[in-house]
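A.B. asks: Contents of entry-v6.cif (mmCIF, C-alpha atoms):
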data_run
#
loop_
_atom_site.label_atom_id
_atom_site.label_comp_id
_atom_site.auth_asym_id
_atom_site.auth_seq_id
_atom_site.Cartn_x
_atom_site.Cartn_y
_atom_site.Cartn_z
CA MET A 38 -13.28 34.51 108.85
CA PHE A 39 -10.44 37.00 108.49
CA ALA A 40 -7.89 34.17 108.19
CA MET A 41 -9.92 32.52 105.41
CA ALA A 42 -10.20 35.76 103.44
CA ARG A 43 -6.46 36.37 103.88
CA ARG A 44 -5.65 32.84 102.64
CA ARG A 45 -7.79 33.26 99.51
CA LEU A 46 -6.29 36.66 98.76
CA LEU A 47 -2.73 35.39 99.13
CA SER A 48 -3.39 32.30 96.99
CA ARG A 49 -4.74 34.53 94.20
CA TRP A 50 -1.75 36.86 94.35
CA LEU A 51 1.03 34.34 94.93
CA GLY A 52 -0.36 31.05 93.64
CA ASP A 53 -1.07 27.71 95.32
CA GLY A 54 2.29 25.94 95.11
CA MET A 55 5.46 26.13 97.14
CA THR A 56 6.07 29.66 95.85
CA GLY A 57 2.78 30.79 97.34
CA VAL A 58 3.59 29.25 100.72
CA ILE A 59 7.04 30.86 100.85
CA GLY A 60 5.67 34.18 99.62
CA ALA A 61 2.88 34.12 102.20
CA SER A 62 5.31 33.36 105.03
CA VAL A 63 7.70 36.13 103.92
CA LEU A 64 4.82 38.57 103.64
CA GLY A 65 3.50 37.55 107.07
CA TRP A 66 6.97 37.90 108.58
CA GLY A 67 7.41 41.37 107.09
CA LEU A 68 4.02 42.54 108.33
CA ARG A 69 4.76 41.17 111.80
CA LYS A 70 8.10 43.02 111.91
CA LEU A 71 6.41 46.22 110.73
CA ARG A 72 3.76 45.90 113.41
CA ASP A 73 6.39 45.24 116.10
CA GLY A 74 8.34 48.29 115.00
CA LEU A 75 5.31 50.55 115.14
CA ARG A 76 3.87 49.21 118.38
CA ARG A 77 5.05 50.79 121.61
CA ASP A 78 5.22 48.46 124.55
CA ALA A 79 4.58 49.70 128.05
CA GLU A 80 7.76 50.63 129.85
CA VAL A 81 8.24 49.31 133.38
CA LEU A 82 9.19 52.21 135.62
CA ASP A 83 8.73 50.82 139.08
CA VAL A 84 7.82 47.53 140.71
CA SER A 85 7.59 48.69 144.31
CA LYS A 86 4.94 47.29 146.59
CA LEU A 87 2.80 49.94 148.22
CA VAL A 88 1.12 49.62 151.57
CA PRO A 89 -2.16 51.33 152.37
CA GLY A 90 -1.71 55.11 152.52
CA GLU A 91 1.49 55.24 150.44
CA GLN A 92 1.45 56.99 147.09
CA TYR A 93 3.79 57.73 144.24
CA THR A 94 3.83 60.30 141.48
CA VAL A 95 5.20 59.72 137.99
CA VAL A 96 6.41 62.85 136.23
CA THR A 97 7.86 62.67 132.76
CA ARG A 98 9.98 65.33 131.19
CA PRO A 99 10.07 66.22 127.52
CA ALA A 100 12.89 65.07 125.29
CA PRO A 101 15.92 67.35 125.54
CA THR A 102 15.95 70.29 123.17
CA ARG A 103 18.86 71.07 120.88
CA ARG A 104 20.03 73.75 123.32
CA GLU A 105 19.94 71.29 126.22
CA ARG A 106 21.93 68.70 124.28
CA LYS A 107 24.48 71.36 123.40
CA LEU A 108 24.72 72.50 127.02
CA GLU A 109 25.05 68.88 128.13
CA ARG A 110 28.04 68.36 125.84
CA LYS A 111 29.56 71.64 127.04
CA SER A 112 29.03 70.64 130.67
CA VAL A 113 30.59 67.20 130.17
CA ARG A 114 33.60 68.75 128.41
CA ALA A 115 34.05 71.35 131.16
CA ASP A 116 33.71 68.68 133.85
CA ARG A 117 36.30 66.50 132.15
CA ARG A 118 38.76 69.40 131.86
CA ALA A 119 38.25 70.48 135.46
CA ALA A 120 38.61 66.90 136.73
CA LYS A 121 41.85 66.48 134.81
CA ALA A 122 43.21 69.81 136.02
CA THR A 123 42.32 69.22 139.68
CA ALA A 124 43.36 65.57 139.84
CA PRO A 125 46.00 64.98 142.52
CA THR A 126 49.49 65.50 141.18
CA ARG A 127 52.55 63.47 142.10
CA ARG A 128 53.66 66.29 144.41
CA GLN A 129 50.30 66.30 146.20
CA ARG A 130 50.31 62.55 146.65
CA HIS A 131 53.89 62.66 147.94
CA SER A 132 53.02 65.51 150.32
CA ALA A 133 49.99 63.56 151.66
CA ALA A 134 52.18 60.49 152.27
CA GLU A 135 54.76 62.60 154.13
CA LEU A 136 51.98 64.11 156.24
CA ARG A 137 50.66 60.66 157.14
CA ARG A 138 54.15 59.52 158.11
CA ALA A 139 54.66 62.63 160.25
CA GLU A 140 51.33 62.07 162.02
CA ARG A 141 52.28 58.46 162.70
CA ARG A 142 55.65 59.60 164.16
CA VAL A 143 53.89 62.10 166.45
CA ARG A 144 51.53 59.43 167.77
CA ARG A 145 54.45 57.20 168.73
CA VAL A 146 56.16 59.60 171.11
CA ASP A 147 55.23 61.46 174.27
CA PRO A 148 54.00 64.98 173.30
CA ASN A 149 55.73 66.56 176.32
CA SER A 150 59.22 65.28 175.48
CA ALA A 151 61.74 67.21 173.40
CA ARG A 152 61.38 64.69 170.58
CA GLY A 153 57.57 65.00 170.73
CA ARG A 154 57.75 68.83 170.51
CA ARG A 155 60.19 68.63 167.59
CA ARG A 156 57.97 66.17 165.74
CA ASN A 157 54.90 68.35 166.37
CA GLU A 158 56.77 71.27 164.79
CA GLN A 159 57.67 69.09 161.82
CA LEU A 160 54.03 68.00 161.57
CA ALA A 161 52.87 71.64 161.49
CA LEU A 162 55.37 72.36 158.69
CA ARG A 163 54.24 69.33 156.74
CA ARG A 164 50.57 70.37 157.14
CA ALA A 165 51.34 73.86 155.86
CA ALA A 166 53.26 72.45 152.88
CA HIS A 167 50.45 70.04 152.10
CA GLU A 168 47.80 72.79 152.31
CA SER A 169 49.82 75.00 149.97
CA SER A 170 50.21 72.12 147.50
CA LEU A 171 46.41 71.61 147.52
CA ALA A 172 45.61 75.24 146.73
CA LEU A 173 44.11 75.69 143.26
CA THR A 174 46.05 77.64 140.68
CA PRO A 175 44.32 80.50 138.82
CA LYS A 176 43.91 78.25 135.77
CA GLN A 177 42.35 75.49 137.88
CA GLN A 178 40.01 78.05 139.48
CA ARG A 179 38.97 79.23 136.01
CA LEU A 180 38.27 75.69 134.85
CA VAL A 181 36.23 74.90 137.97
CA ALA A 182 34.26 78.14 137.51
CA ARG A 183 33.56 77.24 133.87
CA ARG A 184 32.38 73.80 134.93
CA ASP A 185 30.04 75.28 137.50
CA ASP A 186 28.71 77.86 135.03
CA ALA A 187 28.08 75.19 132.38
CA LEU A 188 26.27 72.98 134.89
CA ASN A 189 24.15 75.89 136.14
CA ALA A 190 23.21 76.82 132.57
CA LEU A 191 22.22 73.22 131.85
CA VAL A 192 20.10 72.99 135.01
CA ALA A 193 18.40 76.30 134.16
CA ALA A 194 17.65 75.15 130.60
CA ARG A 195 16.19 71.86 131.88
CA GLU A 196 14.05 73.69 134.43
CA ALA A 197 12.78 76.09 131.76
CA SER A 198 11.94 73.18 129.46
CA LEU A 199 10.13 71.39 132.27
CA THR A 200 8.09 74.46 133.23
CA ARG A 201 7.10 74.98 129.58
CA ALA A 202 6.00 71.34 129.40
CA LYS A 203 4.08 71.60 132.68
CA ARG A 204 2.03 74.47 131.29
CA LYS A 205 0.93 72.28 128.36
CA VAL A 206 -0.10 69.11 130.16
CA PRO A 207 -2.53 68.44 132.99
CA PRO A 208 -1.14 67.84 136.48
CA PRO A 209 0.43 64.41 137.06
CA ARG A 210 -1.78 61.52 138.08
CA ARG A 211 -1.37 60.29 141.61
CA ARG A 212 -2.02 56.72 142.60
CA THR A 213 -2.81 55.82 146.16
CA PHE A 214 -2.93 52.19 147.17
CA ARG A 215 -6.02 51.40 149.26
#
So, in terms of structure tokens, how does the structure I just supplied come out?
C.D. replies:
Amino acid sequence: MFAMARRRLLSRWLGDGMTGVIGASVLGWGLRKLRDGLRRDAEVLDVSKLVPGEQYTVVTRPAPTRRERKLERKSVRADRRAAKATAPTRRQRHSAAELRRAERRVRRVDPNSARGRRRNEQLALRRAAHESSLALTPKQQRLVARRDDALNALVAAREASLTRAKRKVPPPRRRTFR
């Protein structure tokens, strides 16, 4: 019935010839695209198989606020800077390679011999040099502290947003497979 009424209406508006057919198909296509754009399909979150007694809880969080997005950008920037500043330098890589070589030399000899004692002393010196090369500079410490502060602020903002949202909505639904 609805299809017949739609056909009559379109033939009155667009005519009966080829122009009417093309116009009707274009109009139908446009309406279909509009409907697809407005319709929200169900989103698949999980496809796990539950056994009797198991349960799962689905909790959604609200969209990030402007403050959260800003803190996210700040956190990513701080993380990038700290990662670049604390990345191993050529000196640190060289020191680590020397330490590995010294450990390999110590393993090859008897620890009670004169050569073994000398190589153990060299190994201790190499370890101390490597540890000092790994120590963070004041600038690196500042950048790491900024990264941690930015991440903590972001986590706090997300928690606050989630608690505000939890006050507004009922408790989450729980599904138990029986």
A.B. asks: Quick one: pull the distance between atom CA of A:Leu136 and atom CA of A:Lys121, Å, one decimal.
C.D. replies: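 Between atom CA of A:Leu136 and atom CA of A:Lys121 the gap is 23.8 Å.
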A.B. asks: Find the residues around A:Asp83 up to 12 Å (only C-alpha atoms counted), leave out those fewer than 5 positions away in its own chain, and share them as a ChimeraX atom specification.
C.D. replies: /A:93-95
A.B. asks: Which residues of stretch 102-179 of chain A come within 7 Å of stretch 183-196 of chain A, and what is each one's closest atom pair and distance in Å (one decimal), counting only C-alpha atoms, sorted by chain and residue number, as JSON lines?
C.D. replies:
{"residue": "A:Glu105", "atom": "CA", "partner": "A:Ala194", "partner_atom": "CA", "distance": 6.3}
{"residue": "A:Leu108", "atom": "CA", "partner": "A:Leu191", "partner_atom": "CA", "distance": 5.5}
{"residue": "A:Glu109", "atom": "CA", "partner": "A:Leu191", "partner_atom": "CA", "distance": 6.4}
{"residue": "A:Lys111", "atom": "CA", "partner": "A:Ala187", "partner_atom": "CA", "distance": 6.6}
{"residue": "A:Ser112", "atom": "CA", "partner": "A:Ala187", "partner_atom": "CA", "distance": 5.0}
{"residue": "A:Ala115", "atom": "CA", "partner": "A:Arg184", "partner_atom": "CA", "distance": 4.8}
{"residue": "A:Asp116", "atom": "CA", "partner": "A:Arg184", "partner_atom": "CA", "distance": 5.4}
{"residue": "A:Ala119", "atom": "CA", "partner": "A:Arg184", "partner_atom": "CA", "distance": 6.8}
{"residue": "A:Arg179", "atom": "CA", "partner": "A:Arg183", "partner_atom": "CA", "distance": 6.1}
A.B. asks: Which one of A:Ser150, A:Ser85, A:Asn157, A:Thr174 sits closest to A:Thr123 if you count all atoms listed in the file?
C.D. replies: A:Thr174
A.B. asks: With a distance cut-off of 12 Å and all atoms listed in the file, select the neighbouring residues of A:Arg138, excluding the residue or stretch itself and same-chain residues fewer than 3 positions from it, and output the selection as a list in words.
C.D. replies: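 So the residues in contact are His131, Ser132, Ala133, Ala134, Glu135, Arg141, Arg142, Val143, Arg144, Arg145, Arg156, Gln159, Leu160, Arg163 and Arg164 of chain A.
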A.B. asks: Skipping near chain neighbours, those fewer than 2 positions away, what residues fall within 12 Å of stretch 62-67 of chain A using all atoms listed in the file, listed as a ChimeraX atom specification?
C.D. replies: /A:40,43-44,47-48,50-51,55-60,69-74
A.B. asks: Could you tell me which of A:Lys86, A:Thr200, A:Leu180, A:Asp53 comes closest to A:Ala120 if we count only C-alpha atoms?
C.D. replies: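 Nearest candidate to A:Ala120 out of A:Lys86, A:Thr200, A:Leu180, A:Asp53: A:Leu180.
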A.B. asks: Need the shell around A:Ala202: protein/DNA/RNA residues with any atom at most 9 Å away, counting only C-alpha atoms. Skip same-chain ones fewer than 4 positions apart. Format as a PyMOL selection string?
C.D. replies: chain A and resi 98-99+197-198+206
